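Report on the structure given below.
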Amino acid sequence: QVQLVESGGGLVQAGGSLRLSCAASGSLSLNHMDWYRQSPGKQRELVASIQYGGQTTYADSVKGRVTISRDNAKNRVFLQMNSLVPEDTAVYYCHARTWGTAEFWGQGTQVTVSS
């Protein structure tokens, strides 16, 4: 089993920055580590993904403003978000997948961007 705990959310003005962190505990090795977000009335969407080897994927809506990174030794994944806009307001979820099919979700952290 893996537990994911997010931190770093909060309230920020438009144009500001936030850094989200996710700590994974447990004994399973994780391949993909991702950040998703969900705002009221919308489906949960992938924001960014990073594989164990460092390959990254970003949603078009955040490209150039967001950077995902990970520390494999400490089983942590980070999301640096810059130039935030009100449309980035959402609950951000950490997600992880093993090399097999097991996947895990964090409890989410609220990000609110005021205009």
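Following the order of the structure tokens, first chain is A, next is B, and so on, with residues numbered from 1 inside each chain and ligands from 1 in the order they appear.
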Using DSSP assignments from the backbone, pull out every residue in range 1-70 of chain A that falls under strand (DSSP E or B) and give it to me as a PDB file with all heavy atoms, in the first residue's frame.
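Result written to selection_31.pdb:
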```
ATOM      1  N   VAL A   2       0.317   2.296  -0.585  1.00  0.00           N
ATOM      2  CA  VAL A   2       0.996   3.572  -0.647  1.00  0.00           C
ATOM      3  C   VAL A   2       0.039   4.648  -0.157  1.00  0.00           C
ATOM      4  O   VAL A   2      -1.130   4.682  -0.553  1.00  0.00           O
ATOM      5  CB  VAL A   2       1.454   3.896  -2.086  1.00  0.00           C
ATOM      6  CG1 VAL A   2       1.995   5.314  -2.184  1.00  0.00           C
ATOM      7  CG2 VAL A   2       2.507   2.893  -2.545  1.00  0.00           C
ATOM      8  N   GLN A   3       0.525   5.520   0.673  1.00  0.00           N
ATOM      9  CA  GLN A   3      -0.253   6.689   1.080  1.00  0.00           C
ATOM     10  C   GLN A   3       0.399   7.933   0.501  1.00  0.00           C
ATOM     11  O   GLN A   3       1.625   8.076   0.557  1.00  0.00           O
ATOM     12  CB  GLN A   3      -0.322   6.794   2.604  1.00  0.00           C
ATOM     13  CG  GLN A   3      -1.247   5.774   3.238  1.00  0.00           C
ATOM     14  CD  GLN A   3      -1.466   6.028   4.720  1.00  0.00           C
ATOM     15  OE1 GLN A   3      -0.567   6.480   5.405  1.00  0.00           O
ATOM     16  NE2 GLN A   3      -2.660   5.723   5.200  1.00  0.00           N
ATOM     17  N   LEU A   4      -0.429   8.807  -0.045  1.00  0.00           N
ATOM     18  CA  LEU A   4       0.045  10.052  -0.637  1.00  0.00           C
ATOM     19  C   LEU A   4      -0.497  11.216   0.169  1.00  0.00           C
ATOM     20  O   LEU A   4      -1.703  11.308   0.408  1.00  0.00           O
ATOM     21  CB  LEU A   4      -0.423  10.168  -2.085  1.00  0.00           C
ATOM     22  CG  LEU A   4      -0.034   9.017  -3.022  1.00  0.00           C
ATOM     23  CD1 LEU A   4      -0.679   9.208  -4.391  1.00  0.00           C
ATOM     24  CD2 LEU A   4       1.477   8.931  -3.163  1.00  0.00           C
ATOM     25  N   VAL A   5       0.378  12.120   0.560  1.00  0.00           N
ATOM     26  CA  VAL A   5      -0.029  13.279   1.354  1.00  0.00           C
ATOM     27  C   VAL A   5       0.459  14.539   0.661  1.00  0.00           C
ATOM     28  O   VAL A   5       1.672  14.741   0.502  1.00  0.00           O
ATOM     29  CB  VAL A   5       0.530  13.209   2.783  1.00  0.00           C
ATOM     30  CG1 VAL A   5       0.105  14.441   3.577  1.00  0.00           C
ATOM     31  CG2 VAL A   5       0.054  11.939   3.484  1.00  0.00           C
ATOM     32  N   GLU A   6      -0.502  15.368   0.254  1.00  0.00           N
ATOM     33  CA  GLU A   6      -0.170  16.618  -0.429  1.00  0.00           C
ATOM     34  C   GLU A   6      -0.023  17.758   0.582  1.00  0.00           C
ATOM     35  O   GLU A   6      -0.636  17.743   1.648  1.00  0.00           O
ATOM     36  CB  GLU A   6      -1.256  17.013  -1.439  1.00  0.00           C
ATOM     37  CG  GLU A   6      -1.542  15.990  -2.505  1.00  0.00           C
ATOM     38  CD  GLU A   6      -2.795  15.182  -2.224  1.00  0.00           C
ATOM     39  OE1 GLU A   6      -3.135  15.046  -1.028  1.00  0.00           O
ATOM     40  OE2 GLU A   6      -3.429  14.702  -3.173  1.00  0.00           O
ATOM     41  N   SER A   7       0.740  18.760   0.197  1.00  0.00           N
ATOM     42  CA  SER A   7       0.857  19.989   0.971  1.00  0.00           C
ATOM     43  C   SER A   7       1.222  21.125   0.033  1.00  0.00           C
ATOM     44  O   SER A   7       1.637  20.889  -1.108  1.00  0.00           O
ATOM     45  CB  SER A   7       1.913  19.850   2.070  1.00  0.00           C
ATOM     46  OG  SER A   7       3.180  19.575   1.520  1.00  0.00           O
ATOM     47  N   GLY A  10      -3.099  26.710  -1.126  1.00  0.00           N
ATOM     48  CA  GLY A  10      -3.454  27.927  -0.410  1.00  0.00           C
ATOM     49  C   GLY A  10      -4.073  28.950  -1.323  1.00  0.00           C
ATOM     50  O   GLY A  10      -4.480  28.648  -2.453  1.00  0.00           O
ATOM     51  N   LEU A  11      -4.151  30.175  -0.816  1.00  0.00           N
ATOM     52  CA  LEU A  11      -4.724  31.303  -1.543  1.00  0.00           C
ATOM     53  C   LEU A  11      -3.601  32.175  -2.066  1.00  0.00           C
ATOM     54  O   LEU A  11      -2.695  32.554  -1.315  1.00  0.00           O
ATOM     55  CB  LEU A  11      -5.631  32.108  -0.618  1.00  0.00           C
ATOM     56  CG  LEU A  11      -6.220  33.410  -1.159  1.00  0.00           C
ATOM     57  CD1 LEU A  11      -7.141  33.127  -2.345  1.00  0.00           C
ATOM     58  CD2 LEU A  11      -6.966  34.146  -0.054  1.00  0.00           C
ATOM     59  N   VAL A  12      -3.676  32.512  -3.343  1.00  0.00           N
ATOM     60  CA  VAL A  12      -2.645  33.348  -3.958  1.00  0.00           C
ATOM     61  C   VAL A  12      -3.307  34.287  -4.957  1.00  0.00           C
ATOM     62  O   VAL A  12      -4.357  33.955  -5.530  1.00  0.00           O
ATOM     63  CB  VAL A  12      -1.574  32.466  -4.642  1.00  0.00           C
ATOM     64  CG1 VAL A  12      -2.180  31.661  -5.780  1.00  0.00           C
ATOM     65  CG2 VAL A  12      -0.386  33.281  -5.104  1.00  0.00           C
ATOM     66  N   GLN A  13      -2.727  35.441  -5.140  1.00  0.00           N
ATOM     67  CA  GLN A  13      -3.248  36.379  -6.128  1.00  0.00           C
ATOM     68  C   GLN A  13      -2.840  35.957  -7.535  1.00  0.00           C
ATOM     69  O   GLN A  13      -1.813  35.292  -7.722  1.00  0.00           O
ATOM     70  CB  GLN A  13      -2.735  37.781  -5.841  1.00  0.00           C
ATOM     71  CG  GLN A  13      -3.385  38.428  -4.622  1.00  0.00           C
ATOM     72  CD  GLN A  13      -3.030  39.896  -4.505  1.00  0.00           C
ATOM     73  OE1 GLN A  13      -1.963  40.306  -4.963  1.00  0.00           O
ATOM     74  NE2 GLN A  13      -3.899  40.675  -3.895  1.00  0.00           N
ATOM     75  N   LEU A  18       2.876  29.059  -6.525  1.00  0.00           N
ATOM     76  CA  LEU A  18       2.732  28.092  -5.446  1.00  0.00           C
ATOM     77  C   LEU A  18       3.558  26.865  -5.795  1.00  0.00           C
ATOM     78  O   LEU A  18       3.725  26.542  -6.975  1.00  0.00           O
ATOM     79  CB  LEU A  18       1.277  27.675  -5.249  1.00  0.00           C
ATOM     80  CG  LEU A  18       0.336  28.581  -4.452  1.00  0.00           C
ATOM     81  CD1 LEU A  18      -1.073  28.010  -4.476  1.00  0.00           C
ATOM     82  CD2 LEU A  18       0.828  28.751  -3.024  1.00  0.00           C
ATOM     83  N   ARG A  19       4.021  26.183  -4.758  1.00  0.00           N
ATOM     84  CA  ARG A  19       4.731  24.918  -4.943  1.00  0.00           C
ATOM     85  C   ARG A  19       4.016  23.851  -4.128  1.00  0.00           C
ATOM     86  O   ARG A  19       3.942  23.946  -2.904  1.00  0.00           O
ATOM     87  CB  ARG A  19       6.183  25.052  -4.500  1.00  0.00           C
ATOM     88  CG  ARG A  19       7.019  23.779  -4.631  1.00  0.00           C
ATOM     89  CD  ARG A  19       8.459  24.079  -4.241  1.00  0.00           C
ATOM     90  NE  ARG A  19       9.274  22.909  -4.007  1.00  0.00           N
ATOM     91  CZ  ARG A  19       9.973  22.282  -4.943  1.00  0.00           C
ATOM     92  NH1 ARG A  19       9.922  22.706  -6.200  1.00  0.00           N
ATOM     93  NH2 ARG A  19      10.716  21.241  -4.635  1.00  0.00           N
ATOM     94  N   LEU A  20       3.496  22.870  -4.834  1.00  0.00           N
ATOM     95  CA  LEU A  20       2.824  21.754  -4.181  1.00  0.00           C
ATOM     96  C   LEU A  20       3.819  20.610  -3.993  1.00  0.00           C
ATOM     97  O   LEU A  20       4.678  20.388  -4.847  1.00  0.00           O
ATOM     98  CB  LEU A  20       1.635  21.271  -5.007  1.00  0.00           C
ATOM     99  CG  LEU A  20       0.584  22.317  -5.385  1.00  0.00           C
ATOM    100  CD1 LEU A  20      -0.561  21.647  -6.138  1.00  0.00           C
ATOM    101  CD2 LEU A  20       0.075  23.047  -4.174  1.00  0.00           C
ATOM    102  N   SER A  21       3.651  19.911  -2.893  1.00  0.00           N
ATOM    103  CA  SER A  21       4.477  18.744  -2.612  1.00  0.00           C
ATOM    104  C   SER A  21       3.589  17.552  -2.317  1.00  0.00           C
ATOM    105  O   SER A  21       2.484  17.707  -1.783  1.00  0.00           O
ATOM    106  CB  SER A  21       5.384  19.008  -1.403  1.00  0.00           C
ATOM    107  OG  SER A  21       6.263  20.072  -1.637  1.00  0.00           O
ATOM    108  N   CYS A  22       4.084  16.376  -2.650  1.00  0.00           N
ATOM    109  CA  CYS A  22       3.371  15.142  -2.345  1.00  0.00           C
ATOM    110  C   CYS A  22       4.388  14.133  -1.842  1.00  0.00           C
ATOM    111  O   CYS A  22       5.371  13.842  -2.539  1.00  0.00           O
ATOM    112  CB  CYS A  22       2.653  14.620  -3.576  1.00  0.00           C
ATOM    113  SG  CYS A  22       1.897  12.984  -3.372  1.00  0.00           S
ATOM    114  N   ALA A  23       4.140  13.627  -0.651  1.00  0.00           N
ATOM    115  CA  ALA A  23       5.026  12.628  -0.061  1.00  0.00           C
ATOM    116  C   ALA A  23       4.341  11.273  -0.120  1.00  0.00           C
ATOM    117  O   ALA A  23       3.193  11.126   0.317  1.00  0.00           O
ATOM    118  CB  ALA A  23       5.346  13.002   1.377  1.00  0.00           C
ATOM    119  N   ALA A  24       5.045  10.297  -0.650  1.00  0.00           N
ATOM    120  CA  ALA A  24       4.516   8.938  -0.761  1.00  0.00           C
ATOM    121  C   ALA A  24       5.178   8.051   0.279  1.00  0.00           C
ATOM    122  O   ALA A  24       6.405   8.007   0.372  1.00  0.00           O
ATOM    123  CB  ALA A  24       4.764   8.389  -2.158  1.00  0.00           C
ATOM    124  N   SER A  25       4.363   7.368   1.047  1.00  0.00           N
ATOM    125  CA  SER A  25       4.888   6.412   2.024  1.00  0.00           C
ATOM    126  C   SER A  25       4.470   5.009   1.622  1.00  0.00           C
ATOM    127  O   SER A  25       3.469   4.826   0.934  1.00  0.00           O
ATOM    128  CB  SER A  25       4.356   6.738   3.418  1.00  0.00           C
ATOM    129  OG  SER A  25       2.948   6.631   3.444  1.00  0.00           O
ATOM    130  N   GLY A  26       5.235   4.039   2.039  1.00  0.00           N
ATOM    131  CA  GLY A  26       4.933   2.664   1.673  1.00  0.00           C
ATOM    132  C   GLY A  26       6.123   2.027   0.998  1.00  0.00           C
ATOM    133  O   GLY A  26       7.117   2.681   0.696  1.00  0.00           O
ATOM    134  N   LEU A  30       7.208   3.277  -7.309  1.00  0.00           N
ATOM    135  CA  LEU A  30       6.267   4.043  -8.115  1.00  0.00           C
ATOM    136  C   LEU A  30       6.873   4.433  -9.446  1.00  0.00           C
ATOM    137  O   LEU A  30       7.978   4.975  -9.503  1.00  0.00           O
ATOM    138  CB  LEU A  30       5.830   5.295  -7.337  1.00  0.00           C
ATOM    139  CG  LEU A  30       5.167   5.014  -5.988  1.00  0.00           C
ATOM    140  CD1 LEU A  30       4.959   6.299  -5.214  1.00  0.00           C
ATOM    141  CD2 LEU A  30       3.855   4.276  -6.185  1.00  0.00           C
ATOM    142  N   ASN A  31       6.146   4.198 -10.525  1.00  0.00           N
ATOM    143  CA  ASN A  31       6.578   4.606 -11.848  1.00  0.00           C
ATOM    144  C   ASN A  31       6.062   6.023 -12.124  1.00  0.00           C
ATOM    145  O   ASN A  31       6.783   6.991 -12.000  1.00  0.00           O
ATOM    146  CB  ASN A  31       6.096   3.621 -12.903  1.00  0.00           C
ATOM    147  CG  ASN A  31       6.585   3.983 -14.285  1.00  0.00           C
ATOM    148  OD1 ASN A  31       7.398   4.897 -14.459  1.00  0.00           O
ATOM    149  ND2 ASN A  31       6.107   3.280 -15.290  1.00  0.00           N
ATOM    150  N   HIS A  32       4.796   6.124 -12.471  1.00  0.00           N
ATOM    151  CA  HIS A  32       4.226   7.431 -12.737  1.00  0.00           C
ATOM    152  C   HIS A  32       3.820   8.123 -11.430  1.00  0.00           C
ATOM    153  O   HIS A  32       3.215   7.531 -10.557  1.00  0.00           O
ATOM    154  CB  HIS A  32       2.972   7.300 -13.606  1.00  0.00           C
ATOM    155  CG  HIS A  32       3.242   6.967 -15.030  1.00  0.00           C
ATOM    156  ND1 HIS A  32       3.306   7.913 -16.032  1.00  0.00           N
ATOM    157  CD2 HIS A  32       3.487   5.777 -15.632  1.00  0.00           C
ATOM    158  CE1 HIS A  32       3.547   7.310 -17.180  1.00  0.00           C
ATOM    159  NE2 HIS A  32       3.678   6.027 -16.977  1.00  0.00           N
ATOM    160  N   MET A  33       4.152   9.402 -11.351  1.00  0.00           N
ATOM    161  CA  MET A  33       3.627  10.255 -10.292  1.00  0.00           C
ATOM    162  C   MET A  33       3.048  11.485 -10.977  1.00  0.00           C
ATOM    163  O   MET A  33       3.708  12.079 -11.845  1.00  0.00           O
ATOM    164  CB  MET A  33       4.693  10.631  -9.275  1.00  0.00           C
ATOM    165  CG  MET A  33       5.243   9.423  -8.515  1.00  0.00           C
ATOM    166  SD  MET A  33       6.306   9.862  -7.124  1.00  0.00           S
ATOM    167  CE  MET A  33       5.078  10.294  -5.880  1.00  0.00           C
ATOM    168  N   ASP A  34       1.817  11.810 -10.633  1.00  0.00           N
ATOM    169  CA  ASP A  34       1.080  12.815 -11.388  1.00  0.00           C
ATOM    170  C   ASP A  34       0.390  13.806 -10.458  1.00  0.00           C
ATOM    171  O   ASP A  34       0.164  13.531  -9.286  1.00  0.00           O
ATOM    172  CB  ASP A  34      -0.019  12.152 -12.240  1.00  0.00           C
ATOM    173  CG  ASP A  34       0.409  10.831 -12.844  1.00  0.00           C
ATOM    174  OD1 ASP A  34       1.368  10.833 -13.616  1.00  0.00           O
ATOM    175  OD2 ASP A  34      -0.225   9.808 -12.529  1.00  0.00           O
ATOM    176  N   TRP A  35       0.019  14.922 -11.048  1.00  0.00           N
ATOM    177  CA  TRP A  35      -0.867  15.880 -10.400  1.00  0.00           C
ATOM    178  C   TRP A  35      -2.123  16.035 -11.267  1.00  0.00           C
ATOM    179  O   TRP A  35      -2.023  16.269 -12.468  1.00  0.00           O
ATOM    180  CB  TRP A  35      -0.195  17.237 -10.228  1.00  0.00           C
ATOM    181  CG  TRP A  35       0.855  17.245  -9.170  1.00  0.00           C
ATOM    182  CD1 TRP A  35       2.200  17.082  -9.348  1.00  0.00           C
ATOM    183  CD2 TRP A  35       0.648  17.416  -7.767  1.00  0.00           C
ATOM    184  NE1 TRP A  35       2.845  17.141  -8.139  1.00  0.00           N
ATOM    185  CE2 TRP A  35       1.914  17.356  -7.152  1.00  0.00           C
ATOM    186  CE3 TRP A  35      -0.472  17.629  -6.966  1.00  0.00           C
ATOM    187  CZ2 TRP A  35       2.084  17.488  -5.778  1.00  0.00           C
ATOM    188  CZ3 TRP A  35      -0.305  17.761  -5.604  1.00  0.00           C
ATOM    189  CH2 TRP A  35       0.961  17.693  -5.026  1.00  0.00           C
ATOM    190  N   TYR A  36      -3.263  15.871 -10.634  1.00  0.00           N
ATOM    191  CA  TYR A  36      -4.558  16.133 -11.263  1.00  0.00           C
ATOM    192  C   TYR A  36      -5.201  17.306 -10.526  1.00  0.00           C
ATOM    193  O   TYR A  36      -4.803  17.661  -9.420  1.00  0.00           O
ATOM    194  CB  TYR A  36      -5.476  14.914 -11.140  1.00  0.00           C
ATOM    195  CG  TYR A  36      -5.174  13.780 -12.076  1.00  0.00           C
ATOM    196  CD1 TYR A  36      -4.079  12.945 -11.878  1.00  0.00           C
ATOM    197  CD2 TYR A  36      -5.996  13.517 -13.176  1.00  0.00           C
ATOM    198  CE1 TYR A  36      -3.806  11.890 -12.742  1.00  0.00           C
ATOM    199  CE2 TYR A  36      -5.740  12.468 -14.042  1.00  0.00           C
ATOM    200  CZ  TYR A  36      -4.650  11.657 -13.816  1.00  0.00           C
ATOM    201  OH  TYR A  36      -4.387  10.616 -14.678  1.00  0.00           O
ATOM    202  N   ARG A  37      -6.230  17.868 -11.146  1.00  0.00           N
ATOM    203  CA  ARG A  37      -6.998  18.887 -10.456  1.00  0.00           C
ATOM    204  C   ARG A  37      -8.471  18.764 -10.830  1.00  0.00           C
ATOM    205  O   ARG A  37      -8.817  18.246 -11.896  1.00  0.00           O
ATOM    206  CB  ARG A  37      -6.494  20.293 -10.777  1.00  0.00           C
ATOM    207  CG  ARG A  37      -6.692  20.738 -12.224  1.00  0.00           C
ATOM    208  CD  ARG A  37      -6.034  22.088 -12.443  1.00  0.00           C
ATOM    209  NE  ARG A  37      -6.227  22.570 -13.812  1.00  0.00           N
ATOM    210  CZ  ARG A  37      -5.642  23.654 -14.307  1.00  0.00           C
ATOM    211  NH1 ARG A  37      -4.821  24.385 -13.534  1.00  0.00           N
ATOM    212  NH2 ARG A  37      -5.872  24.025 -15.549  1.00  0.00           N
ATOM    213  N   GLN A  38      -9.296  19.245  -9.932  1.00  0.00           N
ATOM    214  CA  GLN A  38     -10.737  19.221 -10.174  1.00  0.00           C
ATOM    215  C   GLN A  38     -11.359  20.473  -9.578  1.00  0.00           C
ATOM    216  O   GLN A  38     -11.173  20.763  -8.397  1.00  0.00           O
ATOM    217  CB  GLN A  38     -11.376  17.979  -9.566  1.00  0.00           C
ATOM    218  CG  GLN A  38     -12.833  17.803  -9.920  1.00  0.00           C
ATOM    219  CD  GLN A  38     -13.364  16.444  -9.526  1.00  0.00           C
ATOM    220  OE1 GLN A  38     -12.836  15.765  -8.643  1.00  0.00           O
ATOM    221  NE2 GLN A  38     -14.431  16.016 -10.176  1.00  0.00           N
ATOM    222  N   GLU A  45      -8.933  16.470 -14.102  1.00  0.00           N
ATOM    223  CA  GLU A  45      -8.074  16.495 -15.287  1.00  0.00           C
ATOM    224  C   GLU A  45      -6.615  16.376 -14.894  1.00  0.00           C
ATOM    225  O   GLU A  45      -6.195  16.845 -13.824  1.00  0.00           O
ATOM    226  CB  GLU A  45      -8.286  17.791 -16.085  1.00  0.00           C
ATOM    227  CG  GLU A  45      -7.928  19.060 -15.335  1.00  0.00           C
ATOM    228  CD  GLU A  45      -8.039  20.307 -16.206  1.00  0.00           C
ATOM    229  OE1 GLU A  45      -8.310  20.191 -17.409  1.00  0.00           O
ATOM    230  OE2 GLU A  45      -7.828  21.407 -15.657  1.00  0.00           O
ATOM    231  N   LEU A  46      -5.849  15.790 -15.781  1.00  0.00           N
ATOM    232  CA  LEU A  46      -4.410  15.659 -15.570  1.00  0.00           C
ATOM    233  C   LEU A  46      -3.740  17.009 -15.779  1.00  0.00           C
ATOM    234  O   LEU A  46      -3.953  17.662 -16.798  1.00  0.00           O
ATOM    235  CB  LEU A  46      -3.818  14.629 -16.528  1.00  0.00           C
ATOM    236  CG  LEU A  46      -2.314  14.424 -16.453  1.00  0.00           C
ATOM    237  CD1 LEU A  46      -1.907  13.809 -15.123  1.00  0.00           C
ATOM    238  CD2 LEU A  46      -1.830  13.552 -17.614  1.00  0.00           C
ATOM    239  N   VAL A  47      -2.917  17.407 -14.824  1.00  0.00           N
ATOM    240  CA  VAL A  47      -2.157  18.650 -14.952  1.00  0.00           C
ATOM    241  C   VAL A  47      -0.751  18.347 -15.465  1.00  0.00           C
ATOM    242  O   VAL A  47      -0.284  18.963 -16.427  1.00  0.00           O
ATOM    243  CB  VAL A  47      -2.070  19.375 -13.593  1.00  0.00           C
ATOM    244  CG1 VAL A  47      -1.201  20.629 -13.714  1.00  0.00           C
ATOM    245  CG2 VAL A  47      -3.459  19.720 -13.077  1.00  0.00           C
ATOM    246  N   ALA A  48      -0.086  17.400 -14.819  1.00  0.00           N
ATOM    247  CA  ALA A  48       1.281  17.055 -15.200  1.00  0.00           C
ATOM    248  C   ALA A  48       1.610  15.664 -14.690  1.00  0.00           C
ATOM    249  O   ALA A  48       1.061  15.218 -13.668  1.00  0.00           O
ATOM    250  CB  ALA A  48       2.278  18.070 -14.645  1.00  0.00           C
ATOM    251  N   SER A  49       2.502  15.000 -15.402  1.00  0.00           N
ATOM    252  CA  SER A  49       2.897  13.651 -15.056  1.00  0.00           C
ATOM    253  C   SER A  49       4.407  13.516 -15.210  1.00  0.00           C
ATOM    254  O   SER A  49       4.993  14.131 -16.109  1.00  0.00           O
ATOM    255  CB  SER A  49       2.187  12.651 -15.971  1.00  0.00           C
ATOM    256  OG  SER A  49       2.602  11.329 -15.705  1.00  0.00           O
ATOM    257  N   ILE A  50       5.009  12.711 -14.351  1.00  0.00           N
ATOM    258  CA  ILE A  50       6.438  12.452 -14.464  1.00  0.00           C
ATOM    259  C   ILE A  50       6.686  10.979 -14.199  1.00  0.00           C
ATOM    260  O   ILE A  50       6.161  10.397 -13.250  1.00  0.00           O
ATOM    261  CB  ILE A  50       7.251  13.350 -13.514  1.00  0.00           C
ATOM    262  CG1 ILE A  50       8.751  13.141 -13.733  1.00  0.00           C
ATOM    263  CG2 ILE A  50       6.861  13.136 -12.045  1.00  0.00           C
ATOM    264  CD1 ILE A  50       9.610  14.231 -13.070  1.00  0.00           C
ATOM    265  N   THR A  56       8.415  13.817 -18.699  1.00  0.00           N
ATOM    266  CA  THR A  56       7.284  14.622 -18.214  1.00  0.00           C
ATOM    267  C   THR A  56       6.240  14.852 -19.292  1.00  0.00           C
ATOM    268  O   THR A  56       6.547  14.837 -20.498  1.00  0.00           O
ATOM    269  CB  THR A  56       7.762  15.986 -17.700  1.00  0.00           C
ATOM    270  OG1 THR A  56       8.466  16.670 -18.756  1.00  0.00           O
ATOM    271  CG2 THR A  56       8.699  15.834 -16.507  1.00  0.00           C
ATOM    272  N   THR A  57       5.022  15.072 -18.835  1.00  0.00           N
ATOM    273  CA  THR A  57       3.899  15.418 -19.704  1.00  0.00           C
ATOM    274  C   THR A  57       3.115  16.528 -19.023  1.00  0.00           C
ATOM    275  O   THR A  57       2.945  16.495 -17.799  1.00  0.00           O
ATOM    276  CB  THR A  57       2.967  14.214 -19.932  1.00  0.00           C
ATOM    277  OG1 THR A  57       3.725  13.123 -20.465  1.00  0.00           O
ATOM    278  CG2 THR A  57       1.844  14.562 -20.891  1.00  0.00           C
ATOM    279  N   TYR A  58       2.655  17.508 -19.811  1.00  0.00           N
ATOM    280  CA  TYR A  58       1.882  18.618 -19.256  1.00  0.00           C
ATOM    281  C   TYR A  58       0.588  18.818 -20.039  1.00  0.00           C
ATOM    282  O   TYR A  58       0.546  18.637 -21.255  1.00  0.00           O
ATOM    283  CB  TYR A  58       2.694  19.918 -19.316  1.00  0.00           C
ATOM    284  CG  TYR A  58       3.927  19.911 -18.460  1.00  0.00           C
ATOM    285  CD1 TYR A  58       5.165  19.580 -18.986  1.00  0.00           C
ATOM    286  CD2 TYR A  58       3.853  20.233 -17.107  1.00  0.00           C
ATOM    287  CE1 TYR A  58       6.306  19.572 -18.202  1.00  0.00           C
ATOM    288  CE2 TYR A  58       4.986  20.229 -16.305  1.00  0.00           C
ATOM    289  CZ  TYR A  58       6.204  19.892 -16.863  1.00  0.00           C
ATOM    290  OH  TYR A  58       7.320  19.884 -16.073  1.00  0.00           O
ATOM    291  N   VAL A  66       4.066  25.696 -15.479  1.00  0.00           N
ATOM    292  CA  VAL A  66       4.113  24.657 -14.440  1.00  0.00           C
ATOM    293  C   VAL A  66       5.288  23.721 -14.697  1.00  0.00           C
ATOM    294  O   VAL A  66       5.572  23.392 -15.858  1.00  0.00           O
ATOM    295  CB  VAL A  66       2.782  23.874 -14.444  1.00  0.00           C
ATOM    296  CG1 VAL A  66       2.890  22.573 -13.687  1.00  0.00           C
ATOM    297  CG2 VAL A  66       1.667  24.728 -13.848  1.00  0.00           C
ATOM    298  N   THR A  67       5.942  23.318 -13.629  1.00  0.00           N
ATOM    299  CA  THR A  67       7.028  22.351 -13.727  1.00  0.00           C
ATOM    300  C   THR A  67       6.817  21.254 -12.700  1.00  0.00           C
ATOM    301  O   THR A  67       6.641  21.535 -11.505  1.00  0.00           O
ATOM    302  CB  THR A  67       8.389  23.019 -13.483  1.00  0.00           C
ATOM    303  OG1 THR A  67       8.582  24.073 -14.427  1.00  0.00           O
ATOM    304  CG2 THR A  67       9.516  22.000 -13.638  1.00  0.00           C
ATOM    305  N   ILE A  68       6.826  20.003 -13.166  1.00  0.00           N
ATOM    306  CA  ILE A  68       6.735  18.859 -12.264  1.00  0.00           C
ATOM    307  C   ILE A  68       8.126  18.266 -12.084  1.00  0.00           C
ATOM    308  O   ILE A  68       8.912  18.204 -13.046  1.00  0.00           O
ATOM    309  CB  ILE A  68       5.732  17.810 -12.791  1.00  0.00           C
ATOM    310  CG1 ILE A  68       5.471  16.727 -11.742  1.00  0.00           C
ATOM    311  CG2 ILE A  68       6.195  17.213 -14.116  1.00  0.00           C
ATOM    312  CD1 ILE A  68       4.305  15.796 -12.107  1.00  0.00           C
ATOM    313  N   SER A  69       8.424  17.854 -10.880  1.00  0.00           N
ATOM    314  CA  SER A  69       9.707  17.229 -10.599  1.00  0.00           C
ATOM    315  C   SER A  69       9.505  16.179  -9.510  1.00  0.00           C
ATOM    316  O   SER A  69       8.459  16.157  -8.852  1.00  0.00           O
ATOM    317  CB  SER A  69      10.746  18.266 -10.170  1.00  0.00           C
ATOM    318  OG  SER A  69      10.309  18.954  -9.003  1.00  0.00           O
ATOM    319  N   ARG A  70      10.505  15.323  -9.327  1.00  0.00           N
ATOM    320  CA  ARG A  70      10.379  14.293  -8.300  1.00  0.00           C
ATOM    321  C   ARG A  70      11.737  13.983  -7.709  1.00  0.00           C
ATOM    322  O   ARG A  70      12.770  14.192  -8.336  1.00  0.00           O
ATOM    323  CB  ARG A  70       9.714  13.037  -8.859  1.00  0.00           C
ATOM    324  CG  ARG A  70      10.487  12.303  -9.898  1.00  0.00           C
ATOM    325  CD  ARG A  70       9.674  11.167 -10.525  1.00  0.00           C
ATOM    326  NE  ARG A  70       9.507  10.035  -9.625  1.00  0.00           N
ATOM    327  CZ  ARG A  70       8.704   8.993  -9.885  1.00  0.00           C
ATOM    328  NH1 ARG A  70       8.008   8.959 -11.011  1.00  0.00           N
ATOM    329  NH2 ARG A  70       8.606   7.993  -9.033  1.00  0.00           N
TER     330      ARG A  70
END
```
Checklist entry - Could you name the residues that touch Val111 in chain A at 7 Å or less, counting only C-alpha atoms, but leaving out those on the same chain fewer than 3 positions away, as number ranges by chain? => result A: 9-11, 89-92
Checklist outcome for this item: If you count only C-alpha atoms, the residue of A:Asp71, A:Val113, A:Ser29, A:Gly41 closest to Pro86 in chain A turns out to be A:Val113
Checklist outcome for this item: Separating CA of Val62 in chain A from CA of Gly16 in chain A, to the nearest tenth of an Å, is a gap of 14.0 Å
